[in-house]
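First up is the structure itself, then whatever we jot down about it.
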Amino acid sequence: MPSCEACLALEGKPAQIEPHQKLARGLSMQRTDGEVEMYTCRSCGARLQRLVSTTAGGPQHFWMRS
């Protein structure tokens, strides 16, 4: 199934952008540089993830397919 417009719009955007309303949070994993949050879209089934960084001035992180 193709991704919905909301997922397509989010993919590749900075991780600071909040998930859209149809993204349900699933697993999360702690890393030394932050927390990886995994989501599944209730509309199209796409799986996306982002790294919520805990380090100031670190590399830029983006939404991506998982």
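Letters for chains follow the order of the structure tokens (A, B, ...), residue numbers begin at 1 for each chain, and ligand numbers begin at 1 in the order shown.
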Just the strand (DSSP E) stuff from chain A, please, per backbone DSSP, written as a PDB file with N, CA, C and O atoms, in the first residue's frame.
```pdb
ATOM      1  N   LEU A  23      -0.155   8.611  13.205  1.00  0.00           N
ATOM      2  CA  LEU A  23       1.017   7.812  13.567  1.00  0.00           C
ATOM      3  C   LEU A  23       0.906   7.336  15.010  1.00  0.00           C
ATOM      4  O   LEU A  23       0.797   8.143  15.930  1.00  0.00           O
ATOM      5  N   ALA A  24       0.921   6.025  15.179  1.00  0.00           N
ATOM      6  CA  ALA A  24       0.859   5.430  16.514  1.00  0.00           C
ATOM      7  C   ALA A  24       2.272   5.053  16.938  1.00  0.00           C
ATOM      8  O   ALA A  24       2.979   4.357  16.205  1.00  0.00           O
ATOM      9  N   ARG A  25       2.670   5.511  18.106  1.00  0.00           N
ATOM     10  CA  ARG A  25       4.017   5.203  18.595  1.00  0.00           C
ATOM     11  C   ARG A  25       4.101   3.748  19.018  1.00  0.00           C
ATOM     12  O   ARG A  25       3.225   3.226  19.691  1.00  0.00           O
ATOM     13  N   GLY A  26       5.180   3.116  18.606  1.00  0.00           N
ATOM     14  CA  GLY A  26       5.417   1.720  18.963  1.00  0.00           C
ATOM     15  C   GLY A  26       6.622   1.624  19.871  1.00  0.00           C
ATOM     16  O   GLY A  26       6.713   2.313  20.880  1.00  0.00           O
ATOM     17  N   LEU A  27       7.565   0.803  19.484  1.00  0.00           N
ATOM     18  CA  LEU A  27       8.773   0.593  20.273  1.00  0.00           C
ATOM     19  C   LEU A  27       9.648   1.839  20.297  1.00  0.00           C
ATOM     20  O   LEU A  27       9.593   2.669  19.407  1.00  0.00           O
ATOM     21  N   SER A  28      10.474   1.922  21.315  1.00  0.00           N
ATOM     22  CA  SER A  28      11.514   2.953  21.376  1.00  0.00           C
ATOM     23  C   SER A  28      12.765   2.310  21.948  1.00  0.00           C
ATOM     24  O   SER A  28      12.689   1.347  22.708  1.00  0.00           O
ATOM     25  N   MET A  29      13.906   2.823  21.524  1.00  0.00           N
ATOM     26  CA  MET A  29      15.185   2.293  21.981  1.00  0.00           C
ATOM     27  C   MET A  29      16.080   3.443  22.411  1.00  0.00           C
ATOM     28  O   MET A  29      16.191   4.438  21.700  1.00  0.00           O
ATOM     29  N   GLN A  30      16.692   3.295  23.566  1.00  0.00           N
ATOM     30  CA  GLN A  30      17.643   4.287  24.050  1.00  0.00           C
ATOM     31  C   GLN A  30      19.001   4.083  23.377  1.00  0.00           C
ATOM     32  O   GLN A  30      19.446   2.957  23.213  1.00  0.00           O
ATOM     33  N   ARG A  31      19.614   5.173  22.982  1.00  0.00           N
ATOM     34  CA  ARG A  31      20.983   5.170  22.466  1.00  0.00           C
ATOM     35  C   ARG A  31      21.766   6.215  23.237  1.00  0.00           C
ATOM     36  O   ARG A  31      21.191   6.995  23.991  1.00  0.00           O
ATOM     37  N   GLY A  34      20.486   9.667  22.130  1.00  0.00           N
ATOM     38  CA  GLY A  34      19.065   9.978  22.168  1.00  0.00           C
ATOM     39  C   GLY A  34      18.202   8.736  22.180  1.00  0.00           C
ATOM     40  O   GLY A  34      18.660   7.642  22.487  1.00  0.00           O
ATOM     41  N   GLU A  35      16.936   8.918  21.814  1.00  0.00           N
ATOM     42  CA  GLU A  35      15.971   7.829  21.812  1.00  0.00           C
ATOM     43  C   GLU A  35      15.390   7.673  20.415  1.00  0.00           C
ATOM     44  O   GLU A  35      14.910   8.640  19.822  1.00  0.00           O
ATOM     45  N   VAL A  36      15.447   6.459  19.874  1.00  0.00           N
ATOM     46  CA  VAL A  36      14.833   6.171  18.582  1.00  0.00           C
ATOM     47  C   VAL A  36      13.376   5.812  18.847  1.00  0.00           C
ATOM     48  O   VAL A  36      13.081   4.893  19.619  1.00  0.00           O
ATOM     49  N   GLU A  37      12.460   6.575  18.238  1.00  0.00           N
ATOM     50  CA  GLU A  37      11.025   6.319  18.366  1.00  0.00           C
ATOM     51  C   GLU A  37      10.521   5.738  17.046  1.00  0.00           C
ATOM     52  O   GLU A  37      10.808   6.272  15.986  1.00  0.00           O
ATOM     53  N   MET A  38       9.764   4.651  17.134  1.00  0.00           N
ATOM     54  CA  MET A  38       9.221   4.001  15.941  1.00  0.00           C
ATOM     55  C   MET A  38       7.709   4.162  15.926  1.00  0.00           C
ATOM     56  O   MET A  38       7.060   4.031  16.964  1.00  0.00           O
ATOM     57  N   TYR A  39       7.180   4.430  14.759  1.00  0.00           N
ATOM     58  CA  TYR A  39       5.753   4.693  14.589  1.00  0.00           C
ATOM     59  C   TYR A  39       5.194   3.871  13.440  1.00  0.00           C
ATOM     60  O   TYR A  39       5.903   3.568  12.485  1.00  0.00           O
ATOM     61  N   THR A  40       3.895   3.560  13.510  1.00  0.00           N
ATOM     62  CA  THR A  40       3.169   2.929  12.418  1.00  0.00           C
ATOM     63  C   THR A  40       1.947   3.786  12.123  1.00  0.00           C
ATOM     64  O   THR A  40       1.218   4.177  13.048  1.00  0.00           O
ATOM     65  N   CYS A  41       1.718   4.061  10.849  1.00  0.00           N
ATOM     66  CA  CYS A  41       0.584   4.887  10.461  1.00  0.00           C
ATOM     67  C   CYS A  41      -0.689   4.045  10.455  1.00  0.00           C
ATOM     68  O   CYS A  41      -0.739   2.990   9.818  1.00  0.00           O
ATOM     69  N   ARG A  47       5.743   2.573   8.160  1.00  0.00           N
ATOM     70  CA  ARG A  47       6.520   2.563   9.402  1.00  0.00           C
ATOM     71  C   ARG A  47       7.602   3.616   9.287  1.00  0.00           C
ATOM     72  O   ARG A  47       8.410   3.586   8.364  1.00  0.00           O
ATOM     73  N   LEU A  48       7.592   4.552  10.231  1.00  0.00           N
ATOM     74  CA  LEU A  48       8.563   5.637  10.252  1.00  0.00           C
ATOM     75  C   LEU A  48       9.275   5.637  11.587  1.00  0.00           C
ATOM     76  O   LEU A  48       8.756   5.136  12.588  1.00  0.00           O
ATOM     77  N   GLN A  49      10.444   6.237  11.603  1.00  0.00           N
ATOM     78  CA  GLN A  49      11.178   6.379  12.860  1.00  0.00           C
ATOM     79  C   GLN A  49      11.909   7.709  12.867  1.00  0.00           C
ATOM     80  O   GLN A  49      12.153   8.306  11.820  1.00  0.00           O
ATOM     81  N   ARG A  50      12.220   8.152  14.077  1.00  0.00           N
ATOM     82  CA  ARG A  50      13.018   9.368  14.254  1.00  0.00           C
ATOM     83  C   ARG A  50      13.894   9.188  15.474  1.00  0.00           C
ATOM     84  O   ARG A  50      13.582   8.407  16.377  1.00  0.00           O
ATOM     85  N   LEU A  51      15.014   9.901  15.504  1.00  0.00           N
ATOM     86  CA  LEU A  51      15.885   9.922  16.670  1.00  0.00           C
ATOM     87  C   LEU A  51      15.660  11.246  17.373  1.00  0.00           C
ATOM     88  O   LEU A  51      15.861  12.311  16.784  1.00  0.00           O
ATOM     89  N   VAL A  52      15.195  11.171  18.604  1.00  0.00           N
ATOM     90  CA  VAL A  52      15.033  12.368  19.428  1.00  0.00           C
ATOM     91  C   VAL A  52      16.340  12.523  20.189  1.00  0.00           C
ATOM     92  O   VAL A  52      16.655  11.756  21.093  1.00  0.00           O
ATOM     93  N   SER A  53      17.123  13.492  19.773  1.00  0.00           N
ATOM     94  CA  SER A  53      18.482  13.666  20.280  1.00  0.00           C
ATOM     95  C   SER A  53      18.497  14.253  21.682  1.00  0.00           C
ATOM     96  O   SER A  53      17.693  15.118  22.026  1.00  0.00           O
ATOM     97  N   MET A  64      12.496   8.990   8.921  1.00  0.00           N
ATOM     98  CA  MET A  64      12.814   8.066   7.848  1.00  0.00           C
ATOM     99  C   MET A  64      11.972   6.812   7.967  1.00  0.00           C
ATOM    100  O   MET A  64      11.427   6.523   9.038  1.00  0.00           O
ATOM    101  N   ARG A  65      11.874   6.094   6.871  1.00  0.00           N
ATOM    102  CA  ARG A  65      11.185   4.802   6.896  1.00  0.00           C
ATOM    103  C   ARG A  65      11.998   3.809   7.708  1.00  0.00           C
ATOM    104  O   ARG A  65      13.223   3.856   7.695  1.00  0.00           O
TER     105      ARG A  65
END
```
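Considering the residues A:Cys44, A:Asp33, A:Pro14, A:Pro2 and counting only C-alpha atoms, Trp63 of chain A has its shortest atom-to-atom contact with A:Pro14.
For Ser43 of chain A, the list of residues within 9 Å, based on only C-alpha atoms and with local chain neighbours fewer than 4 positions off taken out, reads Ser3, Cys4, Lys22 and Leu23 of chain A.
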Which parts of chain A does DSSP call alpha helix (DSSP H) when run on the backbone here, written out as a short mmCIF file (atom, residue, chain, number, x, y, z; two decimals) with all heavy atoms, in the first residue's frame?
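Printed below is selection32.cif as written:
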```
data_model
loop_
_atom_site.label_atom_id
_atom_site.label_comp_id
_atom_site.auth_asym_id
_atom_site.auth_seq_id
_atom_site.Cartn_x
_atom_site.Cartn_y
_atom_site.Cartn_z
N GLU A 5 -0.51 10.91 2.21
CA GLU A 5 0.12 12.22 2.00
C GLU A 5 0.81 12.73 3.26
O GLU A 5 1.87 13.34 3.19
CB GLU A 5 -0.93 13.24 1.53
CG GLU A 5 -1.36 13.01 0.10
CD GLU A 5 -2.29 14.10 -0.39
OE1 GLU A 5 -2.10 15.28 -0.01
OE2 GLU A 5 -3.20 13.76 -1.16
N ALA A 6 0.22 12.45 4.43
CA ALA A 6 0.82 12.93 5.69
C ALA A 6 2.17 12.26 5.95
O ALA A 6 3.11 12.91 6.39
CB ALA A 6 -0.15 12.68 6.84
N CYS A 7 2.28 10.96 5.65
CA CYS A 7 3.56 10.25 5.83
C CYS A 7 4.59 10.74 4.81
O CYS A 7 5.74 10.95 5.15
CB CYS A 7 3.36 8.75 5.73
SG CYS A 7 2.61 8.00 7.18
N LEU A 8 4.16 10.89 3.58
CA LEU A 8 5.07 11.38 2.55
C LEU A 8 5.60 12.77 2.90
O LEU A 8 6.77 13.07 2.68
CB LEU A 8 4.37 11.41 1.18
CG LEU A 8 4.12 10.05 0.55
CD1 LEU A 8 3.28 10.21 -0.72
CD2 LEU A 8 5.42 9.34 0.24
N ALA A 9 4.74 13.61 3.46
CA ALA A 9 5.14 14.97 3.83
C ALA A 9 6.13 14.96 4.99
O ALA A 9 6.97 15.85 5.10
CB ALA A 9 3.91 15.80 4.19
N LEU A 10 6.06 13.96 5.85
CA LEU A 10 6.92 13.89 7.03
C LEU A 10 8.30 13.29 6.72
O LEU A 10 9.31 13.68 7.30
CB LEU A 10 6.23 13.05 8.11
CG LEU A 10 6.77 13.11 9.52
CD1 LEU A 10 6.79 14.55 10.03
CD2 LEU A 10 5.91 12.25 10.42
#
```
Let me make sure I understand: among A:Gly45, A:Gln21, A:Gln16, A:Glu11, which one has the smallest atom-to-atom distance to Gln60 of chain A if we use only C-alpha atoms? A:Gln16
